[in-house]
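What's in model_6.txt: compact mmCIF, C-alpha atoms
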# COMPACT_ATOMS: atom_id res chain seq x y z
CA MET A 227 -34.58 41.55 28.76
CA SER A 228 -34.66 41.48 32.53
CA ALA A 229 -35.05 44.52 34.70
CA VAL A 230 -31.46 44.28 35.86
CA THR A 231 -30.07 44.43 32.35
CA LEU A 232 -32.30 47.36 31.56
CA ALA A 233 -31.20 49.22 34.67
CA ALA A 234 -27.56 48.57 33.85
CA ALA A 235 -28.08 49.81 30.32
CA ALA A 236 -29.75 52.94 31.61
CA ASP A 237 -26.86 53.73 33.97
CA PRO A 238 -23.81 52.90 31.87
CA SER A 239 -21.12 53.18 34.51
CA VAL A 240 -20.38 52.25 38.08
CA ARG A 241 -18.50 55.16 39.58
CA LEU A 242 -15.79 55.28 42.20
CA THR A 243 -17.08 56.14 45.66
CA PRO A 244 -15.78 59.30 47.37
CA GLN A 245 -14.02 57.20 50.05
CA ALA A 246 -12.16 55.28 47.38
CA ARG A 247 -11.06 58.53 45.72
CA ILE A 248 -9.80 60.05 48.98
CA LEU A 249 -7.96 56.84 49.88
CA ALA A 250 -6.41 56.66 46.42
CA ALA A 251 -5.29 60.28 46.60
CA ILE A 252 -3.65 59.73 50.00
CA ILE A 253 -1.89 56.59 48.80
CA ALA A 254 -0.73 58.34 45.62
CA ILE A 255 0.74 61.27 47.57
CA ALA A 256 2.43 58.93 50.05
CA PHE A 257 3.78 56.92 47.14
CA VAL A 258 5.31 59.93 45.40
CA GLY A 259 6.75 61.05 48.75
CA MET A 260 8.30 57.61 49.23
CA ILE A 261 9.95 57.78 45.81
CA LEU A 262 11.41 61.20 46.60
CA GLU A 263 12.74 59.90 49.91
CA LEU A 264 14.33 56.86 48.23
CA ILE A 265 16.08 59.11 45.74
CA ARG A 266 17.26 61.38 48.55
CA ARG A 267 18.81 58.38 50.32
CA HIS A 268 20.45 57.13 47.10
CA GLN A 269 18.45 53.93 47.27
CA LEU A 270 16.77 54.60 43.94
CA GLN A 271 18.54 56.00 40.92
CA GLU A 272 16.84 58.92 39.20
CA ARG A 273 16.72 57.17 35.83
CA PHE A 274 14.69 54.32 37.30
CA SER A 275 12.39 56.65 39.20
CA ILE A 276 10.66 58.22 36.20
CA VAL A 277 8.27 55.34 35.57
CA TRP A 278 7.34 55.28 39.24
CA PHE A 279 6.70 59.01 39.28
CA LEU A 280 4.42 58.62 36.28
CA ALA A 281 2.59 55.79 38.02
CA GLY A 282 2.15 57.86 41.19
CA LEU A 283 1.00 60.94 39.31
CA GLY A 284 -1.39 58.82 37.25
CA MET A 285 -2.86 57.44 40.45
CA LEU A 286 -3.29 60.95 41.81
CA ALA A 287 -4.88 62.18 38.59
CA GLY A 288 -7.32 59.27 38.62
CA ALA A 289 -8.34 60.09 42.18
CA MET A 290 -8.74 63.82 41.61
CA PHE A 291 -10.49 63.71 38.26
CA PRO A 292 -12.76 60.63 38.16
CA GLY A 293 -13.96 61.78 34.78
CA LEU A 294 -10.64 60.62 33.36
CA LEU A 295 -11.18 57.09 34.57
CA GLU A 296 -14.76 57.03 33.30
CA LEU A 297 -13.53 58.24 29.94
CA ALA A 298 -10.94 55.47 29.91
CA ALA A 299 -13.58 52.94 30.90
CA ASN A 300 -15.81 54.10 28.07
CA ILE A 301 -13.01 53.85 25.56
CA MET A 302 -12.18 50.34 26.79
CA GLY A 303 -15.86 49.41 26.62
CA VAL A 304 -15.91 48.53 30.31
CA ARG A 305 -19.03 49.41 32.22
CA ASP A 306 -17.55 49.29 35.72
CA THR A 307 -14.99 52.03 36.33
CA ASN A 308 -13.37 49.89 39.07
CA VAL A 309 -12.70 47.11 36.60
CA ALA A 310 -11.19 49.62 34.20
CA LEU A 311 -8.97 50.94 36.99
CA PHE A 312 -7.75 47.45 37.89
CA SER A 313 -7.11 46.59 34.26
CA ILE A 314 -5.05 49.71 33.72
CA VAL A 315 -3.03 49.17 36.89
CA LEU A 316 -2.46 45.51 35.98
CA LEU A 317 -1.22 46.42 32.51
CA LEU A 318 1.07 49.08 33.94
CA LEU A 319 2.58 46.62 36.39
CA LEU A 320 3.05 44.07 33.63
CA GLY A 321 4.89 46.67 31.58
CA LEU A 322 7.08 47.62 34.53
CA ALA A 323 7.94 44.00 35.30
CA LEU A 324 8.92 43.44 31.68
CA ASN A 325 11.00 46.61 31.76
CA PHE A 326 12.89 45.25 34.74
CA SER A 327 13.49 41.90 33.06
CA VAL A 328 15.03 43.78 30.14
CA ILE A 329 17.25 45.76 32.48
CA ILE A 330 18.29 42.62 34.35
CA SER A 331 19.14 40.86 31.10
CA ARG A 332 21.32 43.71 29.99
CA GLN A 333 23.08 43.89 33.33
CA ALA A 334 23.60 40.13 33.40
CA GLU A 335 25.34 40.40 30.04
CA GLN A 336 27.47 43.27 31.30
CA ILE A 337 28.42 41.38 34.45
CA THR A 338 29.43 38.34 32.41
CA ARG A 339 31.60 40.45 30.14
CA LEU A 340 33.15 42.20 33.13
CA ALA A 341 34.02 38.86 34.71
CA GLN A 342 35.54 37.63 31.45
CA GLU A 343 37.59 40.76 31.01
CA SER A 344 38.94 40.53 34.54
CA ALA A 345 39.76 36.82 34.11
CA LEU A 346 41.57 37.43 30.82
CA GLU A 347 43.43 40.40 32.25
CA ARG A 348 44.81 38.26 35.06
CA THR A 349 45.71 35.50 32.61
CA ARG A 350 47.68 37.98 30.52
CA GLU A 351 49.46 39.31 33.60
CA GLU A 352 50.46 35.83 34.68
CA LYS A 353 51.71 35.04 31.21
CA ALA A 354 53.81 38.21 31.20
CA ALA A 355 55.25 37.55 34.68
CA PRO A 356 54.95 33.84 35.50
CA GLY A 357 57.12 34.22 38.59
CA ALA A 358 54.53 36.41 40.25
CA GLN A 359 52.20 33.45 40.38
CA PRO A 360 53.26 30.91 43.00
CA GLU A 361 53.70 27.55 41.30
CA THR A 362 52.59 25.47 44.22
CA ALA A 363 49.78 27.53 45.63
CA GLU A 364 47.62 26.11 48.36
CA GLU A 365 43.94 25.47 47.82
CA PRO A 366 42.37 28.40 45.96
CA ASP A 367 41.43 31.23 48.22
CA GLU A 368 39.61 33.43 45.76
CA THR A 369 36.78 31.05 45.01
CA MET B 90 50.14 29.32 12.76
CA ARG B 91 49.23 29.46 16.43
CA THR B 92 46.61 27.25 17.97
CA LEU B 93 44.83 27.59 21.29
CA VAL B 94 43.08 24.66 22.90
CA PHE B 95 40.81 25.77 25.69
CA ILE B 96 39.06 23.66 28.26
CA PRO B 97 36.08 25.00 30.18
CA ALA B 98 36.16 23.50 33.66
CA TRP B 99 33.88 23.71 36.65
CA ASN B 100 34.93 21.71 39.70
CA GLU B 101 36.94 19.20 37.70
CA GLU B 102 40.06 18.93 39.88
CA ASP B 103 40.15 15.17 39.43
CA SER B 104 40.11 15.04 35.65
CA VAL B 105 41.54 18.33 34.45
CA VAL B 106 45.21 17.33 34.72
CA GLY B 107 44.65 14.18 32.67
CA VAL B 108 42.90 16.16 29.97
CA ILE B 109 45.70 18.74 29.84
CA ASP B 110 48.36 16.03 29.53
CA ASP B 111 46.36 14.30 26.80
CA VAL B 112 45.95 17.52 24.86
CA ARG B 113 49.67 18.22 25.07
CA ARG B 114 50.43 14.76 23.68
CA SER B 115 47.77 14.75 20.96
CA ILE B 116 47.96 18.37 19.80
CA PRO B 117 51.64 19.29 20.10
CA GLY B 118 52.57 22.95 19.66
CA SER B 119 49.26 24.27 20.88
CA ASP B 120 48.77 26.59 23.83
CA ILE B 121 46.43 25.29 26.48
CA LEU B 122 44.03 27.50 28.39
CA VAL B 123 41.77 26.21 31.13
CA VAL B 124 38.76 28.45 31.74
CA ASP B 125 37.85 27.91 35.36
CA ASP B 126 34.17 28.81 35.62
CA GLY B 127 34.17 29.72 39.29
CA SER B 128 35.21 26.34 40.65
CA ARG B 129 35.14 25.81 44.39
CA ASP B 130 37.76 23.07 44.28
CA ALA B 131 41.41 23.06 43.25
CA THR B 132 40.80 23.07 39.50
CA THR B 133 42.83 26.23 38.96
CA VAL B 134 45.77 25.07 41.07
CA ARG B 135 45.93 21.66 39.43
CA ALA B 136 45.69 23.14 35.95
CA ARG B 137 48.54 25.57 36.69
CA GLN B 138 50.66 22.80 38.11
CA ALA B 139 50.04 20.85 34.92
CA GLY B 140 51.48 23.82 33.04
CA ALA B 141 48.34 25.23 31.46
CA MET B 142 47.33 28.87 31.39
CA VAL B 143 44.26 29.47 33.48
CA ALA B 144 41.56 32.11 33.14
CA VAL B 145 39.63 32.24 36.39
CA LEU B 146 36.11 33.57 36.21
CA PRO B 147 35.29 35.11 39.60
CA PHE B 148 31.99 33.26 39.87
CA ASN B 149 30.19 30.48 38.07
CA GLN B 150 28.36 31.73 35.00
CA GLY B 151 27.54 28.71 32.94
CA LEU B 152 29.23 26.86 30.12
CA GLY B 153 28.37 29.46 27.49
CA ALA B 154 30.16 32.26 29.33
CA ALA B 155 33.18 30.01 29.92
CA LEU B 156 33.37 29.07 26.24
CA GLN B 157 33.05 32.68 25.21
CA THR B 158 35.96 33.53 27.50
CA GLY B 159 38.07 31.05 25.55
CA TYR B 160 36.98 32.39 22.18
CA LEU B 161 37.60 35.93 23.41
CA TYR B 162 41.13 35.08 24.54
CA ALA B 163 41.94 33.28 21.30
CA PHE B 164 40.63 36.19 19.24
CA ARG B 165 42.35 38.94 21.22
CA GLU B 166 45.69 37.16 21.48
CA GLY B 167 45.75 36.63 17.76
CA TYR B 168 45.54 32.86 17.56
CA ASP B 169 44.84 31.52 14.09
CA TYR B 170 42.88 28.50 15.23
CA CYS B 171 41.25 27.38 18.42
CA ALA B 172 39.54 24.28 19.69
CA HIS B 173 37.77 23.33 22.86
CA LEU B 174 36.81 20.15 24.61
CA ASP B 175 35.16 19.17 27.87
CA SER B 176 37.23 18.85 31.02
CA ASP B 177 35.63 15.63 32.24
CA GLY B 178 37.61 13.31 29.99
CA GLN B 179 34.74 12.52 27.63
CA HIS B 180 36.48 13.99 24.64
CA PRO B 181 39.66 12.29 23.41
CA PRO B 182 42.08 15.08 22.34
CA ALA B 183 43.18 12.94 19.41
CA GLU B 184 39.73 13.50 17.94
CA VAL B 185 40.04 17.23 18.59
CA ALA B 186 43.23 17.18 16.53
CA ARG B 187 41.22 15.81 13.61
CA LEU B 188 38.72 18.65 13.97
CA LEU B 189 41.59 21.13 13.93
CA ASP B 190 42.96 19.56 10.75
CA GLU B 191 39.59 20.07 9.13
CA VAL B 192 39.64 23.78 9.97
CA ARG B 193 43.32 24.28 9.16
CA SER B 194 42.82 22.77 5.73
CA GLY B 195 40.11 25.36 5.08
CA ARG B 196 37.36 22.83 4.57
CA ALA B 197 35.35 24.37 7.41
CA ASP B 198 35.22 27.52 9.51
CA LEU B 199 33.78 25.56 12.39
CA ALA B 200 34.20 21.81 12.88
CA ILE B 201 32.07 19.96 15.39
CA GLY B 202 32.74 16.52 16.81
CA SER B 203 29.62 14.41 16.58
CA ARG B 204 29.15 11.25 18.58
CA TYR B 205 26.22 10.18 16.42
CA VAL B 206 27.35 10.56 12.82
CA ASP B 207 28.68 7.03 12.48
CA PRO B 208 27.27 4.77 15.17
CA ASP B 209 28.68 1.63 13.50
CA SER B 210 32.18 2.60 14.44
CA ALA B 211 31.34 2.52 18.14
CA GLU B 212 33.71 0.50 20.23
CA GLU B 213 33.26 -1.27 23.50
CA ASP B 214 33.98 1.54 25.96
CA ASP B 215 32.48 4.26 23.82
CA TYR B 216 29.82 6.68 24.83
CA THR B 217 26.29 5.26 24.81
CA PRO B 218 23.59 7.89 25.28
CA THR B 219 20.64 7.18 27.53
CA PHE B 220 17.16 6.86 26.07
CA LEU B 221 16.04 10.30 27.27
CA ARG B 222 19.17 11.85 25.90
CA ARG B 223 18.50 10.27 22.52
CA VAL B 224 14.93 11.56 22.44
CA GLY B 225 16.05 15.05 23.42
CA SER B 226 18.79 15.02 20.81
CA GLY B 227 16.24 13.96 18.21
CA VAL B 228 14.03 16.92 19.00
CA PHE B 229 16.95 19.33 18.78
CA ARG B 230 18.22 17.81 15.59
CA PHE B 231 14.82 18.27 13.98
CA PHE B 232 14.46 21.92 14.94
CA LEU B 233 18.03 22.86 14.20
CA THR B 234 17.81 21.23 10.79
CA LEU B 235 14.62 23.18 10.23
CA ALA B 236 16.28 26.42 11.29
CA THR B 237 19.57 26.05 9.42
CA ARG B 238 18.55 23.84 6.47
CA GLN B 239 21.65 21.86 7.28
CA ARG B 240 21.77 18.41 8.81
CA PHE B 241 23.23 18.24 12.29
CA THR B 242 23.33 15.08 14.33
CA ASP B 243 25.02 16.07 17.57
CA THR B 244 23.61 19.49 18.34
CA THR B 245 25.01 19.84 21.84
CA SER B 246 28.54 18.68 21.23
CA GLY B 247 31.14 20.54 23.28
CA MET B 248 34.04 19.50 21.09
CA ARG B 249 34.81 21.99 18.36
CA ALA B 250 37.55 23.60 16.33
CA ALA B 251 37.29 27.05 14.79
CA ASN B 252 39.12 29.70 12.83
CA ARG B 253 39.26 33.47 13.37
CA ARG B 254 35.94 34.21 11.72
CA VAL B 255 34.19 32.03 14.25
CA MET B 256 36.23 33.50 17.10
CA ALA B 257 35.10 36.99 16.09
CA LEU B 258 31.48 35.95 15.91
CA PHE B 259 31.42 34.01 19.17
CA SER B 260 33.48 36.43 21.21
CA GLU B 261 31.12 39.24 20.30
CA ARG B 262 28.04 37.44 21.54
CA TYR B 263 27.46 34.00 22.99
CA SER B 264 24.47 32.88 24.93
CA PRO B 265 25.54 32.68 28.59
CA ASP B 266 24.01 29.29 29.35
CA PHE B 267 24.70 26.04 27.57
CA ALA B 268 23.48 27.29 24.19
CA GLU B 269 25.49 25.36 21.64
CA ILE B 270 22.42 25.37 19.46
CA GLU B 271 22.16 29.12 19.19
CA SER B 272 25.82 29.40 18.29
CA LEU B 273 25.40 26.82 15.52
CA GLN B 274 22.43 28.65 14.12
CA ARG B 275 24.26 31.97 14.18
CA ALA B 276 27.32 30.55 12.49
CA VAL B 277 25.28 29.03 9.69
CA ARG B 278 23.19 32.18 9.32
CA GLN B 279 26.36 34.21 9.12
CA GLY B 280 27.37 32.20 6.10
CA LEU B 281 30.18 30.30 7.80
CA THR B 282 30.92 26.73 6.83
CA VAL B 283 30.01 24.45 9.68
CA GLU B 284 30.91 20.79 9.45
CA GLU B 285 30.30 17.79 11.60
CA LEU B 286 32.83 15.03 11.93
CA PRO B 287 32.21 11.68 13.52
CA VAL B 288 34.27 11.31 16.69
CA ARG B 289 34.67 8.80 19.44
CA MET B 290 33.52 9.89 22.86
CA LEU B 291 34.21 8.14 26.11
CA PRO B 292 32.02 7.70 29.16
CA ARG B 293 32.47 10.41 31.74
CA ALA B 294 35.60 9.91 33.79
CA GLU B 295 34.53 11.98 36.77
CA GLY B 296 31.44 13.83 37.89
CA THR B 297 27.90 13.55 36.63
CA SER B 298 25.93 15.28 33.93
CA PHE B 299 24.54 18.61 34.99
CA LEU B 300 21.33 17.95 33.10
CA THR B 301 18.56 17.18 35.56
CA PRO B 302 15.05 16.60 34.14
CA VAL B 303 13.93 20.09 35.14
CA LYS B 304 16.98 21.69 33.61
CA SER B 305 16.57 19.60 30.47
CA THR B 306 13.01 20.80 30.04
CA PHE B 307 14.08 24.39 30.59
CA PHE B 308 16.93 23.88 28.15
CA ILE B 309 14.66 22.50 25.46
CA PHE B 310 12.16 25.30 25.94
CA LYS B 311 14.84 27.96 25.82
CA SER B 312 16.49 26.46 22.78
CA LEU B 313 13.23 26.42 20.88
CA ILE B 314 12.73 30.11 21.62
CA VAL B 315 16.29 30.80 20.56
CA LEU B 316 15.84 28.95 17.28
CA LEU B 317 12.54 30.67 16.56
CA VAL B 318 13.78 34.16 17.32
CA GLY B 319 17.11 33.58 15.62
CA ARG B 320 15.33 33.19 12.30
CA PHE B 321 14.29 36.82 12.49
CA ARG B 322 17.49 38.32 13.82
CA PRO B 323 19.47 40.56 11.54
CA ARG B 324 22.79 39.20 10.39
CA SER B 325 25.84 40.89 11.88
CA ALA B 326 28.42 42.68 9.81
CA GLU B 327 30.89 40.58 7.88
CA TYR B 328 33.29 38.59 9.99
CA LEU B 329 36.51 38.58 8.09
CA ASP B 330 39.99 39.08 9.38
If you convert what's in this file into structure tokens, what do you get?
Amino acid sequence: MSAVTLAAAADPSVRLTPQARILAAIIAIAFVGMILELIRRHQLQERFSIVWFLAGLGMLAGAMFPGLLELAANIMGVRDTNVALFSIVLLLLLGLALNFSVIISRQAEQITRLAQESALERTREEKAAPGAQPETAEEPDET
Amino acid sequence: MRTLVFIPAWNEEDSVVGVIDDVRRSIPGSDILVVDDGSRDATTVRARQAGAMVAVLPFNQGLGAALQTGYLYAFREGYDYCAHLDSDGQHPPAEVARLLDEVRSGRADLAIGSRYVDPDSAEEDDYTPTFLRRVGSGVFRFFLTLATRQRFTDTTSGMRAANRRVMALFSERYSPDFAEIESLQRAVRQGLTVEELPVRMLPRAEGTSFLTPVKSTFFIFKSLIVLLVGRFRPRSAEYLD
């Protein structure tokens, strides 16, 4: 075994530097503040904010207690704490993106049904009162 | 016995009137509903002038959503049977009448017009699929047969007749894009009798196929997912009226 491998084995983890921790803490606090501001301005609904709060608080916790990250790195079998951090963040983002796709799918279905209901409602109205609909309308204006 | 014939239409102002007139001649006594899938032309106006009911979707949402609108209307308004055909003049309404007979006689819950079942009967001006189309159809046929254990030849046919069981099933849920395949799989899985009848189809009167190569690839990919997942979906409650 080479000296490098031995040294790496002796020191099992690469820790976060103090600068990185301070920067992460600042970003996390700013992030949580931004979420609160978005909710205040009604640009983000509360029910969608929970995951983002958790993400922000997780970021803050990781910055304040580096032991947590090292523990996570150990559990994952990753020697470099930075790599563990990136992996966790990446997985979280993947989960969030998937969550949004699910929400979009559901809303797309709801929008379709809404459009169908409105179309059928108008059809029924016209059938009930055919006179209300001008027979020789000009080019369609609603489309 | 009330019958609704619905025609999904998207920017078909040139052909929709002809189709409506044909339907009225070939399927007398039926109500005709044109589902305008957010057309930007005069489809709605022309259809109304031709005396059809029109359901106008406020924006374009794809063939599946338009078809579901028709099924939904037929189901809610208490029609006993419904049928649909394309608005581009490819589907002779006389053939649709035969599909309706099949359903009315109780031989099938859902009858599908197939342009491939009996190729020998093809006449001069009949529909001839392109090579790519034939290959694609072959792939679909294989997977759908695998998924349903029933032989289907024309998996993407837009010419169908149905009874109330099918209306209930399709109006509850129908894939928003052009997902004829999923609907077939669901109907078979639900224990409904689905039958294919050979029909004549004509070349397109107006407009061009919406299937570009990219869209076709996407369509095939999506359909395969649908077929795979559909195998593991729970069956819905009984659809009886």
Listed atoms of stretch 175-184 of chain B boxed along x, y and z, 6 Å each side, centre and edge lengths in Å, one decimal, as AutoDock Vina command-line options:
--center_x 39.0 --center_y 15.7 --center_z 25.1 --size_x 20.4 --size_y 18.9 --size_z 26.3
Inset, instruction - Between atom CA of A:Leu242 and atom CA of A:Gly288, measure the distance and give it in Å to one decimal. - result: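 Taking atom CA of A:Leu242 as the start and atom CA of A:Gly288 as the end point, the length is 10.0 Å.
With all atoms listed in the file as the atoms that count, the minimum distance from chain A to the choices B:Glu261, B:Asp111, B:Glu101, B:Asp177 is reached by B:Glu261.
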Inset, instruction - Do me a favour and pick out the residues of chain B within 7 Å of chain A, using all atoms listed in the file, as a ChimeraX atom specification. - result: /B:127-129,131,134,138,142-147,154,158,162
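Relative to atom CA of B:Ser104, atom CA of B:Ser203 is found at 21.8 Å.
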Inset, instruction - Taking (26.1, 15.5, 15.5) in the file's own coordinates, collect the residues within 12 Å, counting only C-alpha atoms, and hand them back as number ranges by chain. - result: B: 200-208, 223, 226-227, 229-231, 233-234, 239-249, 269-270, 273, 283-290
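If you look at atom CA of B:Ala172 and atom CA of B:Gly107, they are 17.2 Å away from each other.
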Inset, instruction - For A:Ile314, work out the shell of residues within 12 Å, counting all atoms listed in the file and skipping chain neighbours fewer than 3 positions away, then give it as a PyMOL selection string. - result: chain A and resi 281+284-285+288+295+298-299+302+304+307-311+317-321
Inset, instruction - Could you give me, as a ChimeraX atom specification, the residues within 7 Å of stretch 251-260 of chain A, counting only C-alpha atoms and dropping anything in the same chain fewer than 3 positions from it? - result: /A:247-248,263-264,279,282,285-286,289
Can you write out the residues you just picked, keeping C-alpha atoms, as a PDB file, in the coordinates of the input?
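again-v9.pdb, freshly written:
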ATOM      1  CA  ARG A 247     -11.060  58.530  45.720  1.00  0.00           C
ATOM      2  CA  ILE A 248      -9.800  60.050  48.980  1.00  0.00           C
ATOM      3  CA  GLU A 263      12.740  59.900  49.910  1.00  0.00           C
ATOM      4  CA  LEU A 264      14.330  56.860  48.230  1.00  0.00           C
ATOM      5  CA  PHE A 279       6.700  59.010  39.280  1.00  0.00           C
ATOM      6  CA  GLY A 282       2.150  57.860  41.190  1.00  0.00           C
ATOM      7  CA  MET A 285      -2.860  57.440  40.450  1.00  0.00           C
ATOM      8  CA  LEU A 286      -3.290  60.950  41.810  1.00  0.00           C
ATOM      9  CA  ALA A 289      -8.340  60.090  42.180  1.00  0.00           C
TER      10      ALA A 289
END
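Considering only C-alpha atoms, the residue among A:Gln333, A:Ser275, A:Asn325, A:Asn300 positioned nearest to A:Leu262 is A:Ser275.
The list of residues within 8 Å of (42.9, 32.9, 18.8), counted using all atoms listed in the file, is B:Arg91, B:Thr92, B:Leu93, B:Tyr160, B:Leu161, B:Tyr162, B:Ala163, B:Phe164, B:Arg165, B:Glu166, B:Gly167, B:Tyr168, B:Asp169, B:Tyr170, B:Cys171, B:Asn252, B:Arg253, B:Met256.
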Legend entry - Exercise: B:Ser264 partners within 10 Å, all atoms listed in the file, chain neighbours under 2 positions left out, as a ChimeraX atom specification: /A:335 /B:151-154,156-157,259,262,266-272,315
Inset, instruction - Would you please work out which residue, of B:Pro117, B:Gly280, B:Gly178, B:Pro97, is nearest to B:Arg324 when using all atoms listed in the file? - result: B:Gly280
